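To be precise, the following lines are coords_6.pdb, and they hold PDB, C-alpha atoms and all ligand atoms.
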ATOM      1  CA  MET R   1     -11.878 -55.539 -88.410
ATOM      2  CA  ASN R   2     -11.842 -52.966 -91.203
ATOM      3  CA  ARG R   3     -11.098 -49.313 -90.682
ATOM      4  CA  ALA R   4     -14.733 -48.139 -90.626
ATOM      5  CA  SER R   5     -15.857 -50.645 -88.024
ATOM      6  CA  LEU R   6     -12.787 -49.876 -85.889
ATOM      7  CA  ILE R   7     -13.711 -46.198 -85.830
ATOM      8  CA  LEU R   8     -17.329 -47.063 -85.076
ATOM      9  CA  ALA R   9     -16.278 -49.382 -82.239
ATOM     10  CA  SER R  10     -14.053 -46.774 -80.616
ATOM     11  CA  LEU R  11     -16.793 -44.146 -80.913
ATOM     12  CA  LEU R  12     -19.209 -46.476 -79.150
ATOM     13  CA  VAL R  13     -16.713 -47.125 -76.361
ATOM     14  CA  ALA R  14     -16.040 -43.402 -75.975
ATOM     15  CA  SER R  15     -19.730 -42.453 -75.793
ATOM     16  CA  GLY R  16     -20.394 -45.261 -73.332
ATOM     17  CA  PHE R  17     -17.601 -43.907 -71.162
ATOM     18  CA  LEU R  18     -19.053 -40.389 -71.341
ATOM     19  CA  LEU R  19     -22.487 -41.676 -70.326
ATOM     20  CA  VAL R  20     -21.045 -43.449 -67.299
ATOM     21  CA  MET R  21     -19.107 -40.342 -66.253
ATOM     22  CA  ARG R  22     -22.191 -38.165 -66.711
ATOM     23  CA  GLY R  23     -24.187 -40.579 -64.525
ATOM     24  CA  ARG R  24     -21.566 -40.381 -61.788
ATOM     25  CA  ALA R  25     -21.576 -36.574 -61.913
ATOM     26  CA  ASP R  26     -25.381 -36.525 -61.593
ATOM     27  CA  GLU R  27     -25.158 -38.837 -58.623
ATOM     28  CA  ARG R  28     -22.542 -36.648 -56.945
ATOM     29  CA  GLU R  29     -24.674 -33.562 -57.583
ATOM     30  CA  ARG R  30     -27.716 -35.223 -56.000
ATOM     31  CA  GLY R  31     -25.597 -36.249 -53.023
ATOM     32  CA  ARG R  32     -24.409 -32.684 -52.573
ATOM     33  CA  GLU R  33     -27.977 -31.395 -52.845
ATOM     34  CA  ARG R  34     -29.065 -33.756 -50.062
ATOM     35  CA  SER R  35     -26.230 -32.919 -47.694
ATOM     36  CA  ARG R  36     -26.571 -29.169 -48.327
ATOM     37  CA  ALA R  37     -30.133 -29.216 -47.117
ATOM     38  CA  ALA R  38     -30.260 -29.834 -43.369
ATOM     39  CA  SER R  39     -32.338 -32.854 -42.324
ATOM     40  CA  ILE R  40     -35.958 -32.285 -41.288
ATOM     41  CA  GLU R  41     -35.152 -33.414 -37.778
ATOM     42  CA  SER R  42     -32.248 -31.015 -37.309
ATOM     43  CA  ILE R  43     -34.238 -28.125 -38.835
ATOM     44  CA  MET R  44     -37.094 -28.841 -36.396
ATOM     45  CA  LYS R  45     -34.741 -29.012 -33.417
ATOM     46  CA  THR R  46     -32.859 -25.858 -34.338
ATOM     47  CA  VAL R  47     -35.939 -23.787 -35.137
ATOM     48  CA  HIS R  48     -38.603 -25.254 -32.837
ATOM     49  CA  GLY R  49     -36.764 -27.163 -30.115
ATOM     50  CA  LYS R  50     -37.044 -26.310 -26.418
ATOM     51  CA  LYS R  51     -33.972 -24.089 -26.737
ATOM     52  CA  GLY R  52     -34.626 -23.332 -30.395
ATOM     53  CA  LEU R  53     -34.557 -20.083 -32.344
ATOM     54  CA  MET R  54     -38.316 -19.467 -32.066
ATOM     55  CA  LYS R  55     -38.175 -19.853 -28.268
ATOM     56  CA  SER R  56     -35.481 -17.198 -27.974
ATOM     57  CA  LEU R  57     -37.332 -14.934 -30.387
ATOM     58  CA  GLU R  58     -40.634 -14.855 -28.495
ATOM     59  CA  PRO R  59     -39.587 -12.720 -25.475
ATOM     60  CA  MET R  60     -37.519 -10.499 -27.750
ATOM     61  CA  LEU R  61     -40.548  -9.659 -29.892
ATOM     62  CA  ASN R  62     -42.683  -9.034 -26.813
ATOM     63  CA  ALA R  63     -40.191  -6.606 -25.256
ATOM     64  CA  ASP R  64     -41.263  -2.963 -25.005
ATOM     65  CA  ASN R  65     -38.045  -1.908 -26.621
ATOM     66  CA  VAL R  66     -37.340  -4.496 -29.297
ATOM     67  CA  LYS R  67     -33.650  -5.028 -30.033
ATOM     68  CA  TRP R  68     -34.044  -5.333 -33.787
ATOM     69  CA  ASP R  69     -30.428  -6.234 -34.536
ATOM     70  CA  SER R  70     -30.673  -9.285 -32.304
ATOM     71  CA  VAL R  71     -34.106 -10.155 -33.704
ATOM     72  CA  LYS R  72     -32.847  -9.873 -37.281
ATOM     73  CA  ALA R  73     -29.854 -12.086 -36.459
ATOM     74  CA  ILE R  74     -32.269 -14.845 -35.430
ATOM     75  CA  THR R  75     -34.834 -14.440 -38.208
ATOM     76  CA  GLY R  76     -31.909 -14.529 -40.640
ATOM     77  CA  LYS R  77     -30.975 -17.945 -39.284
ATOM     78  CA  ILE R  78     -34.543 -19.250 -39.421
ATOM     79  CA  LEU R  79     -35.097 -18.212 -43.051
ATOM     80  CA  PRO R  80     -32.531 -20.469 -44.834
ATOM     81  CA  LEU R  81     -33.521 -23.416 -42.626
ATOM     82  CA  ALA R  82     -37.201 -22.860 -43.415
ATOM     83  CA  GLN R  83     -36.369 -22.639 -47.109
ATOM     84  CA  ASP R  84     -34.420 -25.910 -46.882
ATOM     85  CA  LEU R  85     -37.354 -27.853 -45.450
ATOM     86  CA  GLY R  86     -39.062 -28.310 -48.815
ATOM     87  CA  LYS R  87     -35.932 -29.923 -50.280
ATOM     88  CA  ARG R  88     -36.202 -32.804 -47.826
ATOM     89  CA  LYS R  89     -38.529 -35.754 -48.172
ATOM     90  CA  PRO R  90     -40.813 -36.563 -45.215
ATOM     91  CA  ASP R  91     -41.469 -40.192 -44.250
ATOM     92  CA  ARG R  92     -45.214 -39.728 -44.612
ATOM     93  CA  GLY R  93     -47.756 -37.825 -46.744
ATOM     94  CA  THR R  94     -48.110 -36.806 -50.380
ATOM     95  CA  LYS R  95     -45.590 -34.837 -52.410
ATOM     96  CA  GLU R  96     -48.218 -32.188 -53.234
ATOM     97  CA  SER R  97     -49.132 -31.592 -49.609
ATOM     98  CA  TRP R  98     -45.479 -31.380 -48.576
ATOM     99  CA  ALA R  99     -44.763 -28.874 -51.365
ATOM    100  CA  GLU R 100     -47.753 -26.751 -50.342
ATOM    101  CA  LEU R 101     -47.040 -26.731 -46.589
ATOM    102  CA  THR R 102     -43.280 -26.183 -46.852
ATOM    103  CA  ALA R 103     -43.852 -23.313 -49.304
ATOM    104  CA  ALA R 104     -46.235 -21.672 -46.814
ATOM    105  CA  TYR R 105     -43.751 -22.284 -44.002
ATOM    106  CA  ALA R 106     -40.874 -20.711 -45.961
ATOM    107  CA  GLY R 107     -43.204 -17.825 -46.849
ATOM    108  CA  PHE R 108     -43.939 -17.039 -43.184
ATOM    109  CA  ALA R 109     -40.208 -17.214 -42.403
ATOM    110  CA  LYS R 110     -39.571 -14.714 -45.189
ATOM    111  CA  GLU R 111     -42.280 -12.365 -43.910
ATOM    112  CA  LEU R 112     -40.777 -12.620 -40.433
ATOM    113  CA  ASP R 113     -37.293 -11.807 -41.684
ATOM    114  CA  GLU R 114     -38.566  -8.892 -43.774
ATOM    115  CA  ALA R 115     -40.596  -7.485 -40.884
ATOM    116  CA  ALA R 116     -37.464  -7.682 -38.709
ATOM    117  CA  ALA R 117     -35.480  -5.836 -41.374
ATOM    118  CA  LYS R 118     -38.171  -3.118 -41.409
ATOM    119  CA  LYS R 119     -38.409  -3.142 -37.590
ATOM    120  CA  ASN R 120     -42.157  -3.648 -37.944
ATOM    121  CA  LYS R 121     -43.308  -5.174 -34.672
ATOM    122  CA  ALA R 122     -46.927  -5.907 -35.669
ATOM    123  CA  ASP R 123     -45.935  -7.691 -38.883
ATOM    124  CA  ALA R 124     -43.126  -9.570 -37.142
ATOM    125  CA  LYS R 125     -45.520 -10.832 -34.476
ATOM    126  CA  ASP R 126     -48.094 -11.852 -37.082
ATOM    127  CA  ALA R 127     -45.521 -13.845 -39.040
ATOM    128  CA  PHE R 128     -44.179 -15.329 -35.816
ATOM    129  CA  ASP R 129     -47.694 -16.486 -34.853
ATOM    130  CA  PHE R 130     -48.321 -18.032 -38.277
ATOM    131  CA  LEU R 131     -45.043 -19.958 -38.032
ATOM    132  CA  ASN R 132     -45.814 -20.981 -34.486
ATOM    133  CA  ASN R 133     -49.252 -22.277 -35.423
ATOM    134  CA  SER R 134     -48.116 -24.193 -38.491
ATOM    135  CA  CYS R 135     -47.021 -27.291 -36.553
ATOM    136  CA  ASN R 136     -50.108 -29.459 -36.222
ATOM    137  CA  LYS R 137     -51.340 -29.325 -39.800
ATOM    138  CA  CYS R 138     -47.960 -30.406 -41.115
ATOM    139  CA  HIS R 139     -47.218 -32.953 -38.403
ATOM    140  CA  SER R 140     -50.631 -34.593 -38.784
ATOM    141  CA  ARG R 141     -49.925 -35.153 -42.481
ATOM    142  CA  HIS R 142     -46.185 -35.720 -42.594
ATOM    143  CA  LYS R 143     -44.698 -36.634 -39.240
ATOM    144  CA  GLU R 144     -44.550 -40.304 -38.267
ATOM    145  CA  LYS R 145     -47.306 -41.117 -35.792
ATOM    146  CA  GLY R 146     -46.646 -42.192 -32.228
ATOM    147  CA  GLU R 147     -45.231 -38.959 -30.853
ATOM    148  CA  ARG R 148     -47.130 -35.932 -29.650
ATOM    149  CA  GLY R 149     -47.194 -32.651 -31.599
TER     150      GLY R 149
HETATM  151  C1  LIG R 201     -44.080 -28.039 -43.139
HETATM  152  C2  LIG R 201     -44.062 -29.134 -42.206
HETATM  153  C3  LIG R 201     -43.762 -28.897 -40.743
HETATM  154  C4  LIG R 201     -44.063 -27.811 -39.964
HETATM  155  C5  LIG R 201     -44.757 -26.530 -40.378
HETATM  156  C6  LIG R 201     -43.589 -28.093 -38.646
HETATM  157  N1  LIG R 201     -43.010 -29.331 -38.623
HETATM  158 FE1  LIG R 201     -42.066 -30.207 -37.037
HETATM  159  N2  LIG R 201     -41.723 -31.854 -38.129
HETATM  160  C7  LIG R 201     -42.090 -32.070 -39.436
HETATM  161  C8  LIG R 201     -41.737 -33.416 -39.841
HETATM  162  C9  LIG R 201     -41.976 -34.036 -41.208
HETATM  163  C10 LIG R 201     -41.152 -34.010 -38.727
HETATM  164  C11 LIG R 201     -40.599 -35.458 -38.623
HETATM  165  C12 LIG R 201     -39.104 -35.374 -38.821
HETATM  166  C13 LIG R 201     -38.407 -36.713 -38.788
HETATM  167  O1  LIG R 201     -38.343 -37.292 -37.716
HETATM  168  O2  LIG R 201     -37.906 -37.116 -39.847
HETATM  169  C14 LIG R 201     -41.142 -33.016 -37.666
HETATM  170  C15 LIG R 201     -40.593 -33.212 -36.408
HETATM  171  C16 LIG R 201     -40.615 -32.294 -35.385
HETATM  172  C17 LIG R 201     -40.003 -32.485 -34.090
HETATM  173  C18 LIG R 201     -39.233 -33.733 -33.657
HETATM  174  C19 LIG R 201     -37.793 -33.555 -34.058
HETATM  175  C20 LIG R 201     -36.996 -34.734 -33.593
HETATM  176  O3  LIG R 201     -36.307 -34.589 -32.597
HETATM  177  O4  LIG R 201     -37.112 -35.796 -34.229
HETATM  178  C21 LIG R 201     -40.268 -31.374 -33.337
HETATM  179  C22 LIG R 201     -39.847 -31.094 -31.907
HETATM  180  C23 LIG R 201     -41.041 -30.496 -34.164
HETATM  181  N3  LIG R 201     -41.217 -31.069 -35.414
HETATM  182  C24 LIG R 201     -41.533 -29.271 -33.744
HETATM  183  C25 LIG R 201     -42.299 -28.429 -34.546
HETATM  184  C26 LIG R 201     -42.980 -27.260 -34.043
HETATM  185  C27 LIG R 201     -42.991 -26.818 -32.590
HETATM  186  C28 LIG R 201     -43.572 -26.688 -35.129
HETATM  187  C29 LIG R 201     -44.399 -25.427 -35.163
HETATM  188  C30 LIG R 201     -44.029 -24.313 -34.379
HETATM  189  C31 LIG R 201     -43.288 -27.514 -36.288
HETATM  190  N4  LIG R 201     -42.520 -28.567 -35.886
HETATM  191  C32 LIG R 201     -43.728 -27.233 -37.559
HETATM  192  C33 LIG R 201     -42.690 -31.142 -40.258
HETATM  193  C34 LIG R 201     -43.114 -29.872 -39.884
END
Once more with this new file: its structure as structure tokens, please.
Ligand code: HEC
Amino acid sequence: MNRASLILASLLVASGFLLVMRGRADERERGRERSRAASIESIMKTVHGKKGLMKSLEPMLNADNVKWDSVKAITGKILPLAQDLGKRKPDRGTKESWAELTAAYAGFAKELDEAAAKKNKADAKDAFDFLNNSCNKCHSRHKEKGERG
């Protein structure tokens, strides 16, 4: 091998190595992205389960004297979970529909959290109702069939 082809060969090896390393880094980043976002199932259980955040919020918002600090603590937990939903991939339905419905869902969660910050009972209840009535449209398109809801 002459000098020029030796240099060329080592350059090729080096760039191949860099490509492989870059690929691994991308893979790790995607893995982190997935594990950062809670799974759909755990988001649903935490936010909408029988002992979920929405269930505890309902009587608090209907109280005559709303304890806004406690309400805000809960809406502040719902918001990041709601915003995570769109990062997950449902088993069923189109990408476009999922993007649209999860954006609306995250939007209601944001309105709820902002209303709690402003101690605005009417707005908080409106946003709560929108969130609470969002279930069927999304489940009918994106949740595996066979279960109720
Ligand atoms: C933007 C879409 C979307 C909205 C809005 C939504 N869900 Fe879900 N939900 C899903 C999907 C998708 C699943 C299926 C998750 C899976 O099993 O992977 C699911 C599953 C569930 C589950 C089953 C969780 C488990 O144990 O497997 C419950 C309970 C649930 N949702 C309750 C609700 C309730 C109550 C509401 C409304 C107040 C609601 N969801 C609103 C998408 C949504």
* Distance filter 9 Å around ligand LIG 201 (chain R), atoms: all atoms listed in the file, out as a ChimeraX atom specification -> /R:39-45,47-50,54,82,85-86,88-93,97-106,129-144,147,149
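Among the candidate residues R:Val20, R:Ala38, R:Leu12, R:Ala4, the one lying nearest to Gln83 of chain R is R:Ala38, with distances computed using only C-alpha atoms.
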* To do: Kindly indicate which residue among R:Arg24, R:Lys87, R:Lys72, R:Arg3 lies nearest to Met60 of chain R, using all atoms listed in the file for the distances.
  =>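 Closest to Met60 of chain R of all the choices is R:Lys72.
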* To do: Work out how far atom CA of Thr75 of chain R is from atom CA of Thr46 of chain R, in Å to one decimal.
  =>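 It comes out at 12.2 Å.
Here atom CA of Ala115 of chain R is placed at a distance of 8.3 Å from atom CA of Ala127 of chain R.
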* Please indicate the distance in Å from atom CA of Leu57 of chain R to atom CA of Lys110 of chain R, rounded to one decimal place. =>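 Pair atom CA of Leu57 of chain R / atom CA of Lys110 of chain R returns 15.0 Å.
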Determine, counting all atoms listed in the file, every residue of protein, DNA or RNA that lies within 12 Å of (-38.2, -10.8, -43.4) in the file coordinates, then give the result as a PDB file with C-alpha atoms, in the frame of the given file.
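Result went into selection22.pdb, see below:
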ATOM      1  CA  TRP R  68     -34.044  -5.333 -33.787  1.00  0.00           C
ATOM      2  CA  VAL R  71     -34.106 -10.155 -33.704  1.00  0.00           C
ATOM      3  CA  LYS R  72     -32.847  -9.873 -37.281  1.00  0.00           C
ATOM      4  CA  ALA R  73     -29.854 -12.086 -36.459  1.00  0.00           C
ATOM      5  CA  ILE R  74     -32.269 -14.845 -35.430  1.00  0.00           C
ATOM      6  CA  THR R  75     -34.834 -14.440 -38.208  1.00  0.00           C
ATOM      7  CA  GLY R  76     -31.909 -14.529 -40.640  1.00  0.00           C
ATOM      8  CA  LYS R  77     -30.975 -17.945 -39.284  1.00  0.00           C
ATOM      9  CA  ILE R  78     -34.543 -19.250 -39.421  1.00  0.00           C
ATOM     10  CA  LEU R  79     -35.097 -18.212 -43.051  1.00  0.00           C
ATOM     11  CA  PRO R  80     -32.531 -20.469 -44.834  1.00  0.00           C
ATOM     12  CA  ALA R 106     -40.874 -20.711 -45.961  1.00  0.00           C
ATOM     13  CA  GLY R 107     -43.204 -17.825 -46.849  1.00  0.00           C
ATOM     14  CA  PHE R 108     -43.939 -17.039 -43.184  1.00  0.00           C
ATOM     15  CA  ALA R 109     -40.208 -17.214 -42.403  1.00  0.00           C
ATOM     16  CA  LYS R 110     -39.571 -14.714 -45.189  1.00  0.00           C
ATOM     17  CA  GLU R 111     -42.280 -12.365 -43.910  1.00  0.00           C
ATOM     18  CA  LEU R 112     -40.777 -12.620 -40.433  1.00  0.00           C
ATOM     19  CA  ASP R 113     -37.293 -11.807 -41.684  1.00  0.00           C
ATOM     20  CA  GLU R 114     -38.566  -8.892 -43.774  1.00  0.00           C
ATOM     21  CA  ALA R 115     -40.596  -7.485 -40.884  1.00  0.00           C
ATOM     22  CA  ALA R 116     -37.464  -7.682 -38.709  1.00  0.00           C
ATOM     23  CA  ALA R 117     -35.480  -5.836 -41.374  1.00  0.00           C
ATOM     24  CA  LYS R 118     -38.171  -3.118 -41.409  1.00  0.00           C
ATOM     25  CA  LYS R 119     -38.409  -3.142 -37.590  1.00  0.00           C
ATOM     26  CA  ASN R 120     -42.157  -3.648 -37.944  1.00  0.00           C
ATOM     27  CA  LYS R 121     -43.308  -5.174 -34.672  1.00  0.00           C
ATOM     28  CA  ASP R 123     -45.935  -7.691 -38.883  1.00  0.00           C
ATOM     29  CA  ALA R 124     -43.126  -9.570 -37.142  1.00  0.00           C
ATOM     30  CA  LYS R 125     -45.520 -10.832 -34.476  1.00  0.00           C
ATOM     31  CA  ASP R 126     -48.094 -11.852 -37.082  1.00  0.00           C
ATOM     32  CA  ALA R 127     -45.521 -13.845 -39.040  1.00  0.00           C
ATOM     33  CA  PHE R 128     -44.179 -15.329 -35.816  1.00  0.00           C
TER      34      PHE R 128
END
Give me the box for segment 69-84 of chain R as lines of an AutoDock Vina configuration file, namely the centre and edge lengths in Å to one decimal of a box along x, y and z that holds every listed atom plus 8 Å on each side.
center_x = -33.5
center_y = -16.1
center_z = -39.7
size_x = 23.3
size_y = 35.7
size_z = 30.8
